[in-house]
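Text of target-v8.cif (mmCIF, C-alpha atoms) as supplied:
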data_start
loop_
_atom_site.group_PDB
_atom_site.id
_atom_site.type_symbol
_atom_site.label_atom_id
_atom_site.label_comp_id
_atom_site.auth_asym_id
_atom_site.auth_seq_id
_atom_site.Cartn_x
_atom_site.Cartn_y
_atom_site.Cartn_z
ATOM 1 C CA MET A 21 75.134 -220.441 -198.307
ATOM 2 C CA PHE A 22 72.140 -218.810 -199.919
ATOM 3 C CA LEU A 23 70.755 -221.537 -202.165
ATOM 4 C CA ALA A 24 67.415 -219.807 -202.619
ATOM 5 C CA ASP A 25 69.096 -216.706 -204.002
ATOM 6 C CA ARG A 26 71.203 -218.429 -206.650
ATOM 7 C CA CYS A 27 70.111 -218.648 -210.252
ATOM 8 C CA ASP A 28 73.271 -219.805 -212.006
ATOM 9 C CA GLY A 29 72.274 -223.471 -212.137
ATOM 10 C CA SER A 30 74.868 -224.506 -209.529
ATOM 11 C CA THR A 31 72.337 -225.242 -206.764
ATOM 12 C CA ASP A 32 72.531 -228.790 -205.485
ATOM 13 C CA HIS A 33 70.599 -231.087 -207.839
ATOM 14 C CA GLY A 34 68.686 -232.854 -205.058
ATOM 15 C CA MET A 35 67.570 -229.563 -203.506
ATOM 16 C CA ALA A 36 66.530 -228.257 -206.907
ATOM 17 C CA GLN A 37 64.198 -231.214 -207.396
ATOM 18 C CA LEU A 38 62.241 -230.371 -204.247
ATOM 19 C CA SER A 39 59.092 -228.279 -204.521
ATOM 20 C CA ASP A 40 59.157 -224.683 -203.287
ATOM 21 C CA ASN A 41 56.930 -225.601 -200.357
ATOM 22 C CA THR A 42 59.212 -228.468 -199.333
ATOM 23 C CA ARG A 43 62.294 -226.278 -199.578
ATOM 24 C CA GLY A 44 60.508 -223.566 -197.622
ATOM 25 C CA ALA A 45 59.568 -226.041 -194.894
ATOM 26 C CA LEU A 46 63.151 -227.327 -194.655
ATOM 27 C CA LEU A 47 64.516 -223.788 -194.498
ATOM 28 C CA MET A 48 61.978 -222.840 -191.810
ATOM 29 C CA MET A 49 62.975 -225.858 -189.708
ATOM 30 C CA ALA A 50 66.650 -225.001 -190.170
ATOM 31 C CA SER A 51 65.950 -221.414 -189.118
ATOM 32 C CA MET A 52 64.113 -222.530 -185.977
ATOM 33 C CA ALA A 53 66.912 -224.999 -185.179
ATOM 34 C CA ALA A 54 69.496 -222.216 -185.487
ATOM 35 C CA PHE A 55 67.592 -219.831 -183.210
ATOM 36 C CA THR A 56 66.946 -222.592 -180.643
ATOM 37 C CA LEU A 57 70.583 -223.701 -180.606
ATOM 38 C CA GLY A 58 71.619 -220.068 -180.225
ATOM 39 C CA ASP A 59 69.331 -219.821 -177.192
ATOM 40 C CA THR A 60 70.886 -223.047 -175.895
ATOM 41 C CA CYS A 61 74.330 -221.439 -175.970
ATOM 42 C CA VAL A 62 72.997 -218.393 -174.111
ATOM 43 C CA LYS A 63 71.479 -220.605 -171.425
ATOM 44 C CA ALA A 64 74.686 -222.640 -171.164
ATOM 45 C CA ILE A 65 76.650 -219.420 -170.580
ATOM 46 C CA GLY A 66 74.274 -218.656 -167.713
ATOM 47 C CA GLU A 67 75.546 -216.119 -165.188
ATOM 48 C CA ALA A 68 79.207 -216.581 -166.104
ATOM 49 C CA ILE A 69 79.098 -213.194 -167.847
ATOM 50 C CA SER A 70 76.569 -210.400 -167.707
ATOM 51 C CA LEU A 71 73.767 -210.207 -170.236
ATOM 52 C CA SER A 72 75.123 -206.873 -171.445
ATOM 53 C CA GLN A 73 78.583 -208.339 -172.144
ATOM 54 C CA LEU A 74 76.998 -211.232 -174.022
ATOM 55 C CA LEU A 75 74.813 -208.953 -176.136
ATOM 56 C CA VAL A 76 77.646 -206.529 -176.930
ATOM 57 C CA ILE A 77 79.865 -209.314 -178.254
ATOM 58 C CA ARG A 78 77.078 -211.131 -180.093
ATOM 59 C CA GLY A 79 75.469 -207.923 -181.338
ATOM 60 C CA PHE A 80 78.685 -206.538 -182.795
ATOM 61 C CA PHE A 81 79.392 -209.558 -184.976
ATOM 62 C CA ALA A 82 75.739 -210.150 -185.875
ATOM 63 C CA SER A 83 75.290 -206.508 -186.920
ATOM 64 C CA LEU A 84 78.480 -206.604 -188.965
ATOM 65 C CA PHE A 85 77.311 -209.722 -190.789
ATOM 66 C CA ILE A 86 73.823 -208.331 -191.456
ATOM 67 C CA ALA A 87 75.338 -205.088 -192.778
ATOM 68 C CA LEU A 88 77.613 -206.997 -195.150
ATOM 69 C CA LEU A 89 74.751 -209.229 -196.283
ATOM 70 C CA ALA A 90 72.459 -206.257 -196.890
ATOM 71 C CA TRP A 91 75.206 -204.453 -198.807
ATOM 72 C CA ARG A 92 75.926 -207.557 -200.905
ATOM 73 C CA LEU A 93 72.223 -207.953 -201.758
ATOM 74 C CA ASN A 94 71.817 -204.203 -202.366
ATOM 75 C CA ALA A 95 69.187 -204.142 -199.601
ATOM 76 C CA LEU A 96 70.394 -201.090 -197.681
ATOM 77 C CA ARG A 97 68.126 -198.083 -197.979
ATOM 78 C CA PHE A 98 68.045 -195.181 -195.551
ATOM 79 C CA ASP A 99 66.111 -192.610 -197.605
ATOM 80 C CA LEU A 100 62.816 -193.777 -196.130
ATOM 81 C CA PRO A 101 59.694 -191.654 -195.647
ATOM 82 C CA ARG A 102 59.235 -190.226 -192.157
ATOM 83 C CA ARG A 103 56.347 -192.595 -191.421
ATOM 84 C CA ASP A 104 58.439 -195.646 -192.272
ATOM 85 C CA TRP A 105 61.369 -194.382 -190.211
ATOM 86 C CA ALA A 106 59.044 -193.986 -187.226
ATOM 87 C CA LEU A 107 57.909 -197.586 -187.679
ATOM 88 C CA VAL A 108 61.473 -198.863 -188.139
ATOM 89 C CA LEU A 109 62.617 -197.149 -184.938
ATOM 90 C CA THR A 110 59.551 -198.329 -183.025
ATOM 91 C CA ARG A 111 60.310 -201.850 -184.163
ATOM 92 C CA ALA A 112 63.919 -201.452 -183.017
ATOM 93 C CA VAL A 113 62.775 -200.407 -179.529
ATOM 94 C CA ALA A 114 60.444 -203.408 -179.400
ATOM 95 C CA GLU A 115 63.350 -205.640 -180.487
ATOM 96 C CA VAL A 116 65.538 -204.273 -177.701
ATOM 97 C CA CYS A 117 62.852 -204.863 -175.077
ATOM 98 C CA SER A 118 61.912 -208.334 -176.325
ATOM 99 C CA THR A 119 65.589 -209.393 -176.416
ATOM 100 C CA TYR A 120 66.232 -208.175 -172.870
ATOM 101 C CA PHE A 121 63.139 -209.774 -171.332
ATOM 102 C CA PHE A 122 63.406 -213.007 -173.323
ATOM 103 C CA LEU A 123 67.071 -213.672 -172.595
ATOM 104 C CA THR A 124 66.686 -212.696 -168.940
ATOM 105 C CA ALA A 125 63.865 -215.228 -168.628
ATOM 106 C CA LEU A 126 65.787 -217.811 -170.659
ATOM 107 C CA ARG A 127 68.759 -217.710 -168.291
ATOM 108 C CA GLN A 128 66.465 -218.611 -165.377
ATOM 109 C CA MET A 129 63.732 -220.834 -166.862
ATOM 110 C CA PRO A 130 63.777 -224.204 -168.661
ATOM 111 C CA LEU A 131 64.492 -223.772 -172.361
ATOM 112 C CA ALA A 132 61.344 -225.613 -173.473
ATOM 113 C CA ASN A 133 59.060 -223.507 -171.246
ATOM 114 C CA VAL A 134 60.303 -220.200 -172.638
ATOM 115 C CA THR A 135 60.258 -221.520 -176.204
ATOM 116 C CA ALA A 136 56.696 -222.798 -175.771
ATOM 117 C CA LEU A 137 55.496 -219.391 -174.601
ATOM 118 C CA LEU A 138 57.085 -217.776 -177.663
ATOM 119 C CA GLN A 139 54.948 -220.046 -179.858
ATOM 120 C CA MET A 140 51.993 -217.868 -178.817
ATOM 121 C CA LEU A 141 53.088 -215.355 -181.455
ATOM 122 C CA PRO A 142 50.659 -216.305 -184.291
ATOM 123 C CA LEU A 143 47.760 -216.021 -181.832
ATOM 124 C CA THR A 144 48.884 -212.753 -180.254
ATOM 125 C CA LEU A 145 49.455 -211.276 -183.723
ATOM 126 C CA THR A 146 45.890 -212.111 -184.719
ATOM 127 C CA LEU A 147 44.611 -210.642 -181.447
ATOM 128 C CA GLY A 148 46.699 -207.486 -181.861
ATOM 129 C CA SER A 149 45.589 -207.018 -185.462
ATOM 130 C CA ALA A 150 41.948 -207.242 -184.390
ATOM 131 C CA VAL A 151 42.292 -204.933 -181.379
ATOM 132 C CA PHE A 152 44.577 -202.244 -182.789
ATOM 133 C CA PHE A 153 43.933 -202.355 -186.541
ATOM 134 C CA GLY A 154 40.325 -203.485 -186.643
ATOM 135 C CA GLU A 155 41.038 -206.554 -188.753
ATOM 136 C CA ARG A 156 38.130 -208.951 -188.928
ATOM 137 C CA VAL A 157 38.545 -212.173 -186.935
ATOM 138 C CA GLY A 158 35.941 -214.917 -187.193
ATOM 139 C CA TRP A 159 34.613 -216.967 -184.310
ATOM 140 C CA ARG A 160 36.872 -219.936 -185.136
ATOM 141 C CA ARG A 161 40.027 -217.904 -184.709
ATOM 142 C CA TRP A 162 38.651 -216.249 -181.542
ATOM 143 C CA LEU A 163 38.148 -219.730 -180.105
ATOM 144 C CA ALA A 164 41.684 -220.667 -181.145
ATOM 145 C CA ILE A 165 43.066 -217.562 -179.417
ATOM 146 C CA ALA A 166 41.125 -218.331 -176.230
ATOM 147 C CA ALA A 167 42.329 -221.944 -176.241
ATOM 148 C CA GLY A 168 45.902 -220.797 -176.869
ATOM 149 C CA PHE A 169 45.790 -218.477 -173.874
ATOM 150 C CA ALA A 170 44.441 -221.358 -171.788
ATOM 151 C CA GLY A 171 47.472 -223.361 -172.916
ATOM 152 C CA MET A 172 49.716 -220.476 -171.875
ATOM 153 C CA LEU A 173 48.171 -220.523 -168.383
ATOM 154 C CA LEU A 174 48.948 -224.234 -168.119
ATOM 155 C CA ILE A 175 52.608 -223.433 -168.787
ATOM 156 C CA VAL A 176 53.074 -220.483 -166.401
ATOM 157 C CA ARG A 177 50.469 -221.657 -163.815
ATOM 158 C CA PRO A 178 49.899 -218.391 -161.913
ATOM 159 C CA GLY A 179 49.709 -218.820 -158.166
ATOM 160 C CA THR A 180 51.888 -221.925 -158.084
ATOM 161 C CA GLU A 181 55.437 -222.290 -156.824
ATOM 162 C CA GLY A 182 56.830 -222.332 -160.374
ATOM 163 C CA PHE A 183 55.327 -218.934 -161.225
ATOM 164 C CA ASN A 184 57.829 -216.132 -160.586
ATOM 165 C CA LEU A 185 59.184 -212.878 -161.958
ATOM 166 C CA TYR A 186 60.877 -214.657 -164.859
ATOM 167 C CA SER A 187 57.569 -216.147 -165.982
ATOM 168 C CA ILE A 188 56.285 -212.586 -166.237
ATOM 169 C CA PHE A 189 59.448 -211.564 -168.113
ATOM 170 C CA ALA A 190 58.786 -214.311 -170.683
ATOM 171 C CA LEU A 191 55.216 -213.074 -171.205
ATOM 172 C CA VAL A 192 56.429 -209.463 -171.505
ATOM 173 C CA ALA A 193 58.883 -210.668 -174.161
ATOM 174 C CA VAL A 194 55.992 -212.238 -176.098
ATOM 175 C CA ALA A 195 54.120 -208.918 -175.903
ATOM 176 C CA PHE A 196 57.096 -206.981 -177.294
ATOM 177 C CA VAL A 197 57.694 -209.529 -180.068
ATOM 178 C CA THR A 198 54.021 -209.131 -180.985
ATOM 179 C CA LEU A 199 54.419 -205.342 -181.078
ATOM 180 C CA ARG A 200 57.554 -205.719 -183.177
ATOM 181 C CA ASP A 201 55.800 -207.852 -185.786
ATOM 182 C CA LEU A 202 52.624 -205.746 -185.815
ATOM 183 C CA VAL A 203 54.728 -202.659 -186.519
ATOM 184 C CA THR A 204 56.591 -204.538 -189.251
ATOM 185 C CA ARG A 205 53.286 -205.308 -190.980
ATOM 186 C CA ARG A 206 52.491 -201.573 -191.210
ATOM 187 C CA MET A 207 55.684 -200.695 -193.086
ATOM 188 C CA SER A 208 55.660 -199.900 -196.773
ATOM 189 C CA PRO A 209 56.567 -202.835 -199.051
ATOM 190 C CA ALA A 210 59.444 -200.754 -200.392
ATOM 191 C CA VAL A 211 61.302 -200.901 -197.044
ATOM 192 C CA PRO A 212 63.991 -203.628 -197.395
ATOM 193 C CA SER A 213 63.690 -206.290 -194.714
ATOM 194 C CA LEU A 214 67.455 -206.416 -194.222
ATOM 195 C CA THR A 215 67.567 -202.674 -193.540
ATOM 196 C CA VAL A 216 64.945 -203.161 -190.843
ATOM 197 C CA THR A 217 66.845 -206.132 -189.403
ATOM 198 C CA LEU A 218 70.118 -204.183 -189.373
ATOM 199 C CA VAL A 219 68.604 -201.198 -187.549
ATOM 200 C CA SER A 220 67.097 -203.512 -184.934
ATOM 201 C CA SER A 221 70.356 -205.436 -184.480
ATOM 202 C CA VAL A 222 72.365 -202.232 -184.069
ATOM 203 C CA ALA A 223 69.783 -200.940 -181.574
ATOM 204 C CA VAL A 224 70.219 -204.071 -179.424
ATOM 205 C CA PHE A 225 74.005 -203.695 -179.632
ATOM 206 C CA LEU A 226 73.887 -200.020 -178.596
ATOM 207 C CA PHE A 227 71.467 -200.773 -175.750
ATOM 208 C CA ALA A 228 73.776 -203.504 -174.444
ATOM 209 C CA LEU A 229 76.822 -201.255 -174.834
ATOM 210 C CA THR A 230 75.089 -198.546 -172.774
ATOM 211 C CA MET A 231 73.983 -201.094 -170.165
ATOM 212 C CA SER A 232 77.551 -202.383 -169.869
ATOM 213 C CA LEU A 233 78.986 -198.968 -168.942
ATOM 214 C CA GLY A 234 80.341 -199.151 -165.413
ATOM 215 C CA GLN A 235 80.082 -202.945 -165.364
ATOM 216 C CA ALA A 236 83.198 -205.059 -165.091
ATOM 217 C CA TRP A 237 83.656 -207.485 -167.967
ATOM 218 C CA GLU A 238 84.530 -211.039 -167.101
ATOM 219 C CA PRO A 239 87.504 -212.741 -168.791
ATOM 220 C CA ILE A 240 86.525 -215.042 -171.656
ATOM 221 C CA THR A 241 87.606 -218.613 -170.984
ATOM 222 C CA PRO A 242 87.916 -221.101 -173.862
ATOM 223 C CA ARG A 243 84.530 -222.603 -172.903
ATOM 224 C CA LEU A 244 82.840 -219.192 -172.840
ATOM 225 C CA GLY A 245 84.544 -218.280 -176.105
ATOM 226 C CA LEU A 246 83.112 -221.355 -177.809
ATOM 227 C CA LEU A 247 79.619 -220.689 -176.444
ATOM 228 C CA LEU A 248 79.760 -217.030 -177.484
ATOM 229 C CA ALA A 249 80.943 -218.044 -180.951
ATOM 230 C CA GLY A 250 78.123 -220.588 -181.061
ATOM 231 C CA THR A 251 75.335 -218.189 -180.131
ATOM 232 C CA THR A 252 76.704 -215.601 -182.589
ATOM 233 C CA LEU A 253 76.975 -218.053 -185.477
ATOM 234 C CA PHE A 254 73.558 -219.543 -184.769
ATOM 235 C CA ILE A 255 71.854 -216.139 -184.563
ATOM 236 C CA ILE A 256 73.510 -215.166 -187.868
ATOM 237 C CA ALA A 257 72.332 -218.434 -189.440
ATOM 238 C CA GLY A 258 68.837 -217.873 -188.056
ATOM 239 C CA TYR A 259 68.693 -214.350 -189.498
ATOM 240 C CA SER A 260 69.986 -215.538 -192.884
ATOM 241 C CA LEU A 261 67.594 -218.472 -193.153
ATOM 242 C CA SER A 262 64.617 -216.388 -192.017
ATOM 243 C CA VAL A 263 65.316 -213.934 -194.848
ATOM 244 C CA ILE A 264 65.562 -216.740 -197.408
ATOM 245 C CA VAL A 265 62.457 -218.582 -196.191
ATOM 246 C CA MET A 266 60.283 -215.527 -196.835
ATOM 247 C CA ARG A 267 61.077 -215.922 -200.539
ATOM 248 C CA VAL A 268 60.432 -219.661 -200.881
ATOM 249 C CA GLY A 269 57.074 -221.441 -200.877
ATOM 250 C CA GLU A 270 53.623 -220.460 -199.640
ATOM 251 C CA MET A 271 53.760 -219.017 -196.137
ATOM 252 C CA SER A 272 50.450 -220.678 -195.186
ATOM 253 C CA PHE A 273 52.216 -224.009 -195.770
ATOM 254 C CA VAL A 274 55.663 -223.077 -194.499
ATOM 255 C CA ALA A 275 54.781 -221.070 -191.363
ATOM 256 C CA PRO A 276 53.514 -223.976 -189.190
ATOM 257 C CA PHE A 277 56.951 -225.584 -189.409
ATOM 258 C CA ARG A 278 58.160 -222.862 -187.030
ATOM 259 C CA TYR A 279 56.829 -225.098 -184.266
ATOM 260 C CA THR A 280 59.645 -227.577 -184.861
ATOM 261 C CA GLY A 281 61.700 -225.184 -182.744
ATOM 262 C CA LEU A 282 59.710 -226.361 -179.729
ATOM 263 C CA LEU A 283 60.512 -230.010 -180.458
ATOM 264 C CA ILE A 284 64.196 -229.133 -180.699
ATOM 265 C CA ALA A 285 63.986 -227.166 -177.441
ATOM 266 C CA LEU A 286 62.412 -230.170 -175.705
ATOM 267 C CA ALA A 287 65.173 -232.495 -176.941
ATOM 268 C CA VAL A 288 68.017 -230.067 -176.193
ATOM 269 C CA GLY A 289 66.577 -229.188 -172.785
ATOM 270 C CA LEU A 290 66.594 -232.860 -171.822
ATOM 271 C CA LEU A 291 69.957 -233.800 -173.331
ATOM 272 C CA VAL A 292 71.945 -230.696 -172.345
ATOM 273 C CA PHE A 293 70.285 -229.399 -169.175
ATOM 274 C CA GLY A 294 68.412 -232.461 -167.919
ATOM 275 C CA ASP A 295 65.101 -230.560 -167.989
ATOM 276 C CA TRP A 296 61.821 -232.164 -168.983
ATOM 277 C CA PRO A 297 58.580 -230.211 -168.619
ATOM 278 C CA VAL A 298 55.871 -231.429 -166.257
ATOM 279 C CA PRO A 299 52.768 -232.918 -167.949
ATOM 280 C CA LEU A 300 50.725 -229.698 -167.611
ATOM 281 C CA THR A 301 53.438 -227.764 -169.451
ATOM 282 C CA LEU A 302 53.470 -230.328 -172.261
ATOM 283 C CA ILE A 303 49.665 -230.171 -172.524
ATOM 284 C CA GLY A 304 49.775 -226.370 -172.617
ATOM 285 C CA ALA A 305 52.483 -226.428 -175.299
ATOM 286 C CA ALA A 306 50.457 -228.905 -177.375
ATOM 287 C CA ILE A 307 47.386 -226.656 -177.138
ATOM 288 C CA ILE A 308 49.404 -223.621 -178.238
ATOM 289 C CA VAL A 309 50.912 -225.494 -181.194
ATOM 290 C CA ALA A 310 47.528 -226.880 -182.279
ATOM 291 C CA THR A 311 45.681 -223.561 -182.028
ATOM 292 C CA GLY A 312 48.541 -221.615 -183.589
ATOM 293 C CA SER A 313 48.727 -224.040 -186.505
ATOM 294 C CA PHE A 314 44.982 -223.763 -187.037
ATOM 295 C CA ASN A 315 45.238 -219.982 -186.930
ATOM 296 C CA LEU A 316 48.006 -219.955 -189.556
ATOM 297 C CA TRP A 317 46.047 -222.371 -191.760
ATOM 298 C CA ARG A 318 42.884 -220.304 -191.434
ATOM 299 C CA GLU A 319 44.696 -217.042 -192.275
ATOM 300 C CA GLY A 320 46.161 -218.673 -195.383
ATOM 301 C CA GLN A 321 42.726 -219.948 -196.409
ATOM 302 C CA LEU A 322 41.165 -216.500 -196.002
ATOM 303 C CA ARG A 323 44.054 -214.867 -197.889
ATOM 304 C CA ARG A 324 43.640 -217.224 -200.845
ATOM 305 C CA ARG A 325 39.889 -216.614 -200.869
ATOM 306 C CA ALA A 326 40.408 -212.842 -200.893
ATOM 307 C CA MET A 327 42.910 -213.123 -203.751
ATOM 308 C CA ALA A 328 40.504 -215.260 -205.745
ATOM 309 C CA GLN A 329 37.685 -212.759 -205.247
ATOM 310 C CA ALA A 330 39.950 -209.885 -206.249
ATOM 311 C CA LYS A 331 40.925 -211.760 -209.408
ATOM 312 C CA ILE A 332 37.230 -212.315 -210.258
ATOM 313 C CA ARG A 333 36.486 -208.614 -209.804
ATOM 314 C CA ARG A 334 39.358 -207.652 -212.122
ATOM 315 C CA THR A 335 37.987 -209.904 -214.843
#

Spit out the file's structure as structure tokens when you get a sec.
Amino acid sequence: MFLADRCDGSTDHGMAQLSDNTRGALLMMASMAAFTLGDTCVKAIGEAISLSQLLVIRGFFASLFIALLAWRLNALRFDLPRRDWALVLTRAVAEVCSTYFFLTALRQMPLANVTALLQMLPLTLTLGSAVFFGERVGWRRWLAIAAGFAGMLLIVRPGTEGFNLYSIFALVAVAFVTLRDLVTRRMSPAVPSLTVTLVSSVAVFLFALTMSLGQAWEPITPRLGLLLAGTTLFIIAGYSLSVIVMRVGEMSFVAPFRYTGLLIALAVGLLVFGDWPVPLTLIGAAIIVATGSFNLWREGQLRRRAMAQAKIRRT
């Protein structure tokens, strides 16, 4: 399963011949496909069971898998400094909130619309870093952020018939995902990523378990069982691939391939649910993808320049 982690020479020969960047891009696309297909299963389940029942079942198996993976990779560490624990727990709360708002919106909105709004993340991360951490942002990236937010407005279209509470839920989910990733950036490098992922997954499970108290659980039909198994397996695959992709290739090259998730959401939305976004939504999504890709490219360019200058100073 974990080709990027193997070093015994048994990795597939064709995969081994690919460059790190190419492998990273393929892994990123596979990760986005897994997450999108997992969301597809959630949307297909719809209102047949409560969100809390869905998250309890999915969260239990996902948390168990992450725990076993972290144990196998020796990536479990709980003797963290107090500051890191505060950040880990803050991230877990943000994960709980983003999961609740995102999946609530997903069950009521077209898959492609919600997925397109989530592609705002590279722009909102840059904005959050500038506002809360004082990171320097040049005029080009400010323009990209402004254009990206204009694209977002084309998708949600405030004041129109399509704008409702679930549109707001989707935007709130983006805000919490941004908070989650900003907090993650402030953690010490010594904090294992799988430990952080496990704590967040368990937090979502416990939140759903608490929310389910007093609620009647619906019987699981064969169809629901298959969809629940699908969303669980896809979320596990997404987690696994996202861990691997961080260790393969240059992120400035690999990161833009996250937008393939939107293409998959468009195709799945049409084929499975018969949904196709209106032209304004497609234009807004294209603007978000273009500005987000530019932002990722620009951050990579600035990072390489800073590394080169640091290397010159050391010599």

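A distance cut-off of 8 Å around (64.3, -225.1, -169.0), counting all atoms listed in the file, selects these protein and nucleic acid residues: Leu126, Gln128, Met129, Pro130, Leu131, Ala132, Asn133, Val134, Gly289, Phe293, Asp295, Trp296 and Pro297 of chain A.
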
Subject >> Explicit residue set for the PyMOL selection byres ((chain A and resi 309-318) around 8), as number ranges by chain >> reply: A: 139-140, 142-143, 161, 164-165, 167-168, 272-273, 275-276, 279, 305-308, 319-322

Original post:
Near A:Val116, within 9 Å and counting only C-alpha atoms, which residues show up once chain neighbours fewer than 3 positions away are dropped, as a PyMOL selection string?
Top reply: chain A and resi 111-113+119-121+196+220-221+223-225+227-228

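With all atoms listed in the file as the atoms that count, the residue of A:Trp237, A:Phe189, A:Tyr259, A:Phe55 with the shortest distance to A:Thr124 is A:Phe189.
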
Can you report as AutoDock Vina command-line options the centre and edge lengths in Å, to one decimal, of an axis-aligned box around the listed atoms of stretch 325-328 of chain A padded with 5 Å on each side?
--center_x 41.4 --center_y -214.7 --center_z -203.3 --size_x 13.0 --size_y 13.8 --size_z 14.9

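Coordinates place atom CA of A:Ala195 at a distance of 13.9 Å from atom CA of A:Thr110.
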
**OP:** Given the file shown, enumerate the residues that the PyMOL selection byres ((chain A and resi 301) around 8) captures and present them as a PyMOL selection string.
**Re:** chain A and resi 133+174-176+297-300+302-305

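Taking atom CA of A:Phe169 as the reference point, atom CA of A:Leu57 is found at 26.2 Å.
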
**OP:** Could you list the residues chosen by the PyMOL selection byres ((chain A and resi 76) around 8) in this structure as a list of chain:residue names?
**Re:** A:Ser72, A:Gln73, A:Leu74, A:Leu75, A:Ile77, A:Arg78, A:Gly79, A:Phe80, A:Phe225, A:Leu226, A:Ala228, A:Leu229

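Here atom CA of A:Ala50 stands at a distance of 7.2 Å from atom CA of A:Leu261.
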
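The environment of stretch 238-242 of chain A within 9 Å, counting all atoms listed in the file and disregarding residues fewer than 6 places along the same chain, consists of A:Ala68, A:Ile69, A:Ser70, A:Gln73.
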
**OP:** Scan for residues within 6 Å of the point (62.6, -220.0, -194.4) in the coordinates of the file, using only C-alpha atoms, and reply as a PyMOL selection string.
**Re:** chain A and resi 44+47-48+261-262+264-266
